[in-house]
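Reading through the structure tokens given below for one structure.
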Amino acid sequence: MSSELAAWLRRQREDRGWTRTELARQLIRAARARGDTSLPGTDNISHNIYRWERGAVAPAERYKLLYCSAFGIPFSQFGTALPPGMVDTGPAVSAASAYGGTPPERGASAIRREVLMAAHEGSAHAEGVEQRGIGEATLEQFRADAASLAVQYLTGETFGLFTEMRRVRNRITEAFGRRQWPRDAAELYLLAGCLSALMAAAAVNLGYPQAAGELTRAGWAYATGIDHRPLMARLRLCAAYAAYWSGHPQQCADLARSGLSFLADGQGAAQLHLLGGLAAARRGDAARARQAIAASRDARDREHHDELLEIGGEFGFSRATQAYYAGFVLAEAGAVEAAAGELELATSLYAAGPGPGEQHSRRCRMLAHTDLAIARLRAGALDAAIAALGPVLALPPGERTAVQGQRLAVLRAGLCQPAYLGSARARGLDEQLAAFALAEFGRLPGQDGVGQGHA
């Protein structure tokens with residue numbers, strides 16, 4: 001899309017004193033005047049207007065017509081400078097009056113000319129529609145890239161994968177500006193939404209949950225554009241995850257509840273229930289936290305299949321990871337013994353390897369070991385806690401995360417209990433934990449001010 005057209009669109013809106021939201025309303029009103037009620041809501045159209053005015057993509061023919069109706073200009077003047085005094089800042093005129101300068105000529109020759117012109121225009125338009133600016137091979141490569149990144153994220157280095165996710169996402173969004181068939185557009189929207197979800201998860205693990213929230217909002221625009229409910233649920237899950245690690249449990253609970261309105265069954269629903277349980281435990285509602293664990297098991301037992309599960313990787317939710325989350329919820333609710341039982345189950349399931357159709361997350365496996373160590377430390381079993389931490393402390397720097405750092409900060413705080421003061425083994429563990437955190441990551445709430453008891 002040319003920068004001249006982008007500037008023209010913005011100038012025409014600003015000359016009328018309209019915000020992007022008001023222009024979105026005007027476009028919707030113009031569409032309804034033409035009997036078209038299929039436009040998305042004002043938020044989605046406002047986002048599109050923002051992209052059109054930046055020159056990221058060009059508006060489709062449908063929207064160009066609606067622009068003309070809203071601005072009160074004939075289609076021939078779309079994208080061109082209007083003569084002085086031509087800008088109408090009053091109410092938008094109807095689509096019919098925008099084009100109706102003089103009544104059409106009548107008579108046999110005039111009718112024949114109009115019909116033949118319409119037929120030739122239709123042929124020319126159909127010829128253009130048949131042309132695709134994006135080929136099947138390119139779409140297949142985008143699909144393969146998204147699926148590969150979803151799988152690699154389970155075991156790979158977070159930052160390196162984040163940069164690759166960004167590269168693939170940018171290639172996909174660049175393709176939005178090419179001529180595409182409707183099914184191509186739907187596929188691109190799905191993949192862009194999936195990449196946004198993956199990047200949001202990575203951003204939290206890099207220590208930037210606020211950026212993750214922004215990424216989920218971008219993904220939401222893609223998901224709502226194609227009304228893809230499993231993707232909407234996934235993006236709500238990512239937003240809830242970001243809210244939890246930002247220290248906002250109530251927002252986490254609200255987002256998880258919203259996600260369940262889009263997806264009630266299967267692995268994704270189970271994970272949403274458990275995020276809601278984490279939020280309840282953080283707010284001190286142990287009963288609701290336990291109810292969430294039970295609800296997650298029921299949801300998983302209800303059969304469900306969708307495109308995200310077909311992609312797999314990060315979009316799946318193994319039984320080992322479900323056990324880890326259940327243990328984490330119980331630990332946050334203060335049920336130390338029950339938490340240790342779930343976390344021991346999780347670590348044993350991880351050690352046994354993935355079940356049929358499952359893939360294991362090394363990131364969650366290490367968190368299960370960490371939270372098991374926390375539970376054992378709270379129970380007074382320092383040696384058992386050190387044993388549980390063995391795989392975690394062996395992680396290379398590229399596989400460490402900010403979330404892992406936050407959980408280890410909780411563990412270090414536990415070492416400050418009176419029972420461990422003066423213990424050489426506790427002091428040695430504290431020193432190992434102090435060396436584990438990576439300075440280049442962002443910091444999550446709860447990572448500062450711990451471990452001074454053994455200084």
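Residues are named by chain letter and number: chains run A, B, ... in the order of the structure tokens, numbers start at 1 in each chain, and ligands are numbered from 1 in the order shown.
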
Skip A:Gly442 itself and residues of its chain fewer than 4 positions away, then list as a list in words all residues within 10 Å of it, counting only C-alpha atoms.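 In the requested form, the answer reads Ala203, Val204, Asn205, Leu206, Gly207, Tyr208, Pro209, Thr401, Ala402, Val403 and Leu438 of chain A.
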
Would you mind exporting N, CA and C atoms of the selected residues as a PDB file, in the first residue's frame?
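As a result, selection02.pdb now contains:
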ATOM      1  N   ALA A 203       7.144 -14.222  26.031  1.00  0.00           N
ATOM      2  CA  ALA A 203       7.402 -12.922  26.657  1.00  0.00           C
ATOM      3  C   ALA A 203       7.286 -13.012  28.179  1.00  0.00           C
ATOM      4  N   VAL A 204       6.302 -13.768  28.680  1.00  0.00           N
ATOM      5  CA  VAL A 204       6.195 -13.946  30.131  1.00  0.00           C
ATOM      6  C   VAL A 204       7.434 -14.651  30.660  1.00  0.00           C
ATOM      7  N   ASN A 205       7.862 -15.694  29.978  1.00  0.00           N
ATOM      8  CA  ASN A 205       9.024 -16.445  30.453  1.00  0.00           C
ATOM      9  C   ASN A 205      10.320 -15.672  30.313  1.00  0.00           C
ATOM     10  N   LEU A 206      10.319 -14.629  29.502  1.00  0.00           N
ATOM     11  CA  LEU A 206      11.469 -13.733  29.421  1.00  0.00           C
ATOM     12  C   LEU A 206      11.381 -12.599  30.437  1.00  0.00           C
ATOM     13  N   GLY A 207      10.257 -12.557  31.180  1.00  0.00           N
ATOM     14  CA  GLY A 207      10.108 -11.566  32.239  1.00  0.00           C
ATOM     15  C   GLY A 207       9.367 -10.313  31.852  1.00  0.00           C
ATOM     16  N   TYR A 208       8.569 -10.370  30.769  1.00  0.00           N
ATOM     17  CA  TYR A 208       7.853  -9.182  30.307  1.00  0.00           C
ATOM     18  C   TYR A 208       6.364  -9.485  30.127  1.00  0.00           C
ATOM     19  N   PRO A 209       5.639  -9.703  31.235  1.00  0.00           N
ATOM     20  CA  PRO A 209       4.218 -10.045  31.115  1.00  0.00           C
ATOM     21  C   PRO A 209       3.365  -8.923  30.541  1.00  0.00           C
ATOM     22  N   THR A 401      14.397 -19.423  32.674  1.00  0.00           N
ATOM     23  CA  THR A 401      13.340 -18.453  32.391  1.00  0.00           C
ATOM     24  C   THR A 401      13.093 -17.566  33.604  1.00  0.00           C
ATOM     25  N   ALA A 402      12.401 -16.469  33.363  1.00  0.00           N
ATOM     26  CA  ALA A 402      12.052 -15.560  34.455  1.00  0.00           C
ATOM     27  C   ALA A 402      11.059 -16.216  35.411  1.00  0.00           C
ATOM     28  N   VAL A 403      10.140 -17.032  34.885  1.00  0.00           N
ATOM     29  CA  VAL A 403       9.185 -17.724  35.762  1.00  0.00           C
ATOM     30  C   VAL A 403       9.934 -18.697  36.668  1.00  0.00           C
ATOM     31  N   LEU A 438      19.359 -15.063  35.688  1.00  0.00           N
ATOM     32  CA  LEU A 438      20.020 -14.350  34.591  1.00  0.00           C
ATOM     33  C   LEU A 438      19.656 -12.876  34.646  1.00  0.00           C
TER      34      LEU A 438
END

Please provide the set of residues having any atom within 8 Å of stretch 299-313 of chain A, restricted to only C-alpha atoms, with same-chain residues fewer than 4 positions apart removed, written as a list in words.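 In the requested format, the answer is Ala146, Ala147, Ala150, Val151, Gln152, Tyr153, Leu154, Pro230, Leu231, Ala264, Asp265, Gly266, Gln267, Ala269, Ala270, Ala295 and Gln359 of chain A.
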
Please list as a ChimeraX atom specification every residue within 9 Å of A:Gly41, counting only C-alpha atoms and excluding residues in the same chain fewer than 2 positions away. /A:24-25,28,39,43-46

Atom CA of A:Leu345 and atom CA of A:Tyr324, how far apart in Å?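 Atom-to-atom, atom CA of A:Tyr324 and atom CA of A:Leu345 are spaced 8.0 Å apart.
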
Nearest to A:Leu382 among A:Cys252, A:Ala186, A:Ala368, A:Ala426, with distances taken over only C-alpha atoms: which residue is it?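 Going through A:Cys252, A:Ala186, A:Ala368, A:Ala426 one by one, the smallest distance to A:Leu382 is for A:Ala426.
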
Can you tell me, as an NGL selection string, what residues are no more than 12 Å from A:Gln251 when counting only C-alpha atoms, ignoring any on the same chain fewer than 5 positions away? :A and (213 or 236-237 or 239-246 or 256-258 or 275-276 or 278-280 or 282-283)

Selection above as a file: all heavy atoms, as a short mmCIF file (atom, residue, chain, number, x, y, z; two decimals), in the first residue's frame:
data_model
loop_
_atom_site.label_atom_id
_atom_site.label_comp_id
_atom_site.auth_asym_id
_atom_site.auth_seq_id
_atom_site.Cartn_x
_atom_site.Cartn_y
_atom_site.Cartn_z
N GLY A 213 0.74 -9.22 27.40
CA GLY A 213 -0.65 -8.77 27.31
C GLY A 213 -0.93 -8.04 26.01
O GLY A 213 -1.99 -8.24 25.40
N ARG A 236 -7.12 -15.85 25.54
CA ARG A 236 -7.56 -15.51 26.90
C ARG A 236 -6.68 -16.23 27.93
O ARG A 236 -6.33 -15.68 28.97
CB ARG A 236 -9.03 -15.88 27.10
CG ARG A 236 -10.00 -14.90 26.45
CD ARG A 236 -9.97 -13.58 27.20
NE ARG A 236 -11.01 -12.68 26.79
CZ ARG A 236 -10.84 -11.56 26.09
NH1 ARG A 236 -9.61 -11.23 25.68
NH2 ARG A 236 -11.84 -10.78 25.79
N LEU A 237 -6.33 -17.49 27.63
CA LEU A 237 -5.46 -18.25 28.52
C LEU A 237 -4.09 -17.56 28.63
O LEU A 237 -3.55 -17.41 29.74
CB LEU A 237 -5.30 -19.67 27.98
CG LEU A 237 -4.55 -20.70 28.82
CD1 LEU A 237 -5.05 -22.11 28.48
CD2 LEU A 237 -3.04 -20.64 28.59
N ALA A 239 -3.44 -14.42 28.12
CA ALA A 239 -3.61 -13.16 28.85
C ALA A 239 -3.75 -13.42 30.35
O ALA A 239 -3.22 -12.66 31.17
CB ALA A 239 -4.84 -12.42 28.32
N ALA A 240 -4.45 -14.50 30.72
CA ALA A 240 -4.60 -14.86 32.14
C ALA A 240 -3.24 -15.22 32.74
O ALA A 240 -2.91 -14.84 33.87
CB ALA A 240 -5.58 -16.02 32.28
N TYR A 241 -2.45 -15.97 31.98
CA TYR A 241 -1.10 -16.35 32.42
C TYR A 241 -0.25 -15.11 32.65
O TYR A 241 0.46 -15.00 33.66
CB TYR A 241 -0.50 -17.25 31.34
CG TYR A 241 0.85 -17.85 31.64
CD1 TYR A 241 0.99 -18.87 32.57
CD2 TYR A 241 1.99 -17.42 30.95
CE1 TYR A 241 2.24 -19.45 32.82
CE2 TYR A 241 3.24 -17.99 31.19
CZ TYR A 241 3.35 -19.00 32.12
OH TYR A 241 4.58 -19.56 32.36
N ALA A 242 -0.32 -14.16 31.72
CA ALA A 242 0.44 -12.91 31.87
C ALA A 242 -0.04 -12.12 33.08
O ALA A 242 0.77 -11.56 33.84
CB ALA A 242 0.32 -12.07 30.60
N ALA A 243 -1.36 -12.07 33.30
CA ALA A 243 -1.90 -11.33 34.44
C ALA A 243 -1.45 -11.96 35.75
O ALA A 243 -1.10 -11.26 36.71
CB ALA A 243 -3.42 -11.30 34.36
N TYR A 244 -1.44 -13.30 35.81
CA TYR A 244 -1.02 -13.97 37.04
C TYR A 244 0.43 -13.63 37.38
O TYR A 244 0.75 -13.28 38.52
CB TYR A 244 -1.17 -15.49 36.89
CG TYR A 244 -0.79 -16.22 38.16
CD1 TYR A 244 -1.70 -16.34 39.22
CD2 TYR A 244 0.48 -16.75 38.33
CE1 TYR A 244 -1.35 -16.97 40.40
CE2 TYR A 244 0.85 -17.38 39.51
CZ TYR A 244 -0.07 -17.49 40.53
OH TYR A 244 0.29 -18.11 41.71
N TRP A 245 1.32 -13.71 36.39
CA TRP A 245 2.73 -13.45 36.66
C TRP A 245 3.03 -11.96 36.75
O TRP A 245 4.16 -11.58 37.06
CB TRP A 245 3.60 -14.15 35.63
CG TRP A 245 3.56 -15.63 35.80
CD1 TRP A 245 3.00 -16.55 34.98
CD2 TRP A 245 4.10 -16.37 36.91
NE1 TRP A 245 3.13 -17.82 35.50
CE2 TRP A 245 3.81 -17.74 36.68
CE3 TRP A 245 4.79 -16.02 38.07
CZ2 TRP A 245 4.19 -18.74 37.58
CZ3 TRP A 245 5.18 -17.01 38.96
CH2 TRP A 245 4.89 -18.35 38.71
N SER A 246 2.03 -11.11 36.47
CA SER A 246 2.17 -9.67 36.72
C SER A 246 1.73 -9.31 38.14
O SER A 246 1.86 -8.16 38.56
CB SER A 246 1.32 -8.86 35.73
OG SER A 246 1.77 -9.03 34.42
N ALA A 256 -9.51 -16.03 32.68
CA ALA A 256 -9.71 -17.48 32.57
C ALA A 256 -11.19 -17.81 32.42
O ALA A 256 -11.57 -18.67 31.62
CB ALA A 256 -9.13 -18.17 33.81
N ARG A 257 -12.02 -17.11 33.17
CA ARG A 257 -13.47 -17.34 33.08
C ARG A 257 -13.97 -16.96 31.68
O ARG A 257 -14.80 -17.66 31.09
CB ARG A 257 -14.20 -16.51 34.13
CG ARG A 257 -15.68 -16.85 34.30
CD ARG A 257 -16.32 -16.01 35.40
NE ARG A 257 -15.57 -16.06 36.63
CZ ARG A 257 -14.89 -15.04 37.15
NH1 ARG A 257 -14.86 -13.87 36.54
NH2 ARG A 257 -14.23 -15.17 38.29
N SER A 258 -13.45 -15.87 31.13
CA SER A 258 -13.83 -15.47 29.78
C SER A 258 -13.40 -16.52 28.76
O SER A 258 -14.15 -16.86 27.84
CB SER A 258 -13.19 -14.12 29.44
OG SER A 258 -13.39 -13.78 28.08
N LEU A 275 -5.71 -22.23 35.74
CA LEU A 275 -5.28 -20.84 35.92
C LEU A 275 -6.24 -20.08 36.82
O LEU A 275 -5.82 -19.28 37.66
CB LEU A 275 -5.17 -20.15 34.56
CG LEU A 275 -3.86 -20.39 33.80
CD1 LEU A 275 -3.94 -19.84 32.39
CD2 LEU A 275 -2.69 -19.75 34.54
N GLY A 276 -7.55 -20.35 36.65
CA GLY A 276 -8.51 -19.76 37.58
C GLY A 276 -8.28 -20.25 39.00
O GLY A 276 -8.43 -19.48 39.97
N LEU A 278 -5.33 -21.11 40.29
CA LEU A 278 -4.16 -20.38 40.79
C LEU A 278 -4.55 -19.01 41.31
O LEU A 278 -4.09 -18.57 42.37
CB LEU A 278 -3.13 -20.24 39.67
CG LEU A 278 -2.12 -21.36 39.47
CD1 LEU A 278 -1.24 -21.06 38.27
CD2 LEU A 278 -1.28 -21.54 40.73
N ALA A 279 -5.40 -18.33 40.55
CA ALA A 279 -5.84 -17.00 40.96
C ALA A 279 -6.62 -17.08 42.28
O ALA A 279 -6.44 -16.25 43.17
CB ALA A 279 -6.70 -16.38 39.87
N ALA A 280 -7.49 -18.09 42.40
CA ALA A 280 -8.26 -18.26 43.63
C ALA A 280 -7.34 -18.54 44.81
O ALA A 280 -7.52 -17.97 45.91
CB ALA A 280 -9.27 -19.39 43.46
N ARG A 282 -4.21 -17.70 45.14
CA ARG A 282 -3.45 -16.48 45.45
C ARG A 282 -4.31 -15.49 46.25
O ARG A 282 -3.78 -14.75 47.10
CB ARG A 282 -2.96 -15.83 44.14
CG ARG A 282 -2.15 -14.56 44.33
CD ARG A 282 -0.86 -14.80 45.08
NE ARG A 282 0.06 -15.66 44.35
CZ ARG A 282 0.94 -15.21 43.45
NH1 ARG A 282 1.01 -13.93 43.17
NH2 ARG A 282 1.75 -16.06 42.86
N ARG A 283 -5.62 -15.51 46.01
CA ARG A 283 -6.52 -14.62 46.76
C ARG A 283 -6.96 -15.23 48.08
O ARG A 283 -7.75 -14.63 48.81
CB ARG A 283 -7.75 -14.29 45.92
CG ARG A 283 -7.45 -13.56 44.62
CD ARG A 283 -8.69 -12.91 44.01
NE ARG A 283 -9.84 -13.77 44.05
CZ ARG A 283 -10.20 -14.64 43.12
NH1 ARG A 283 -9.43 -14.77 42.04
NH2 ARG A 283 -11.29 -15.36 43.22
#
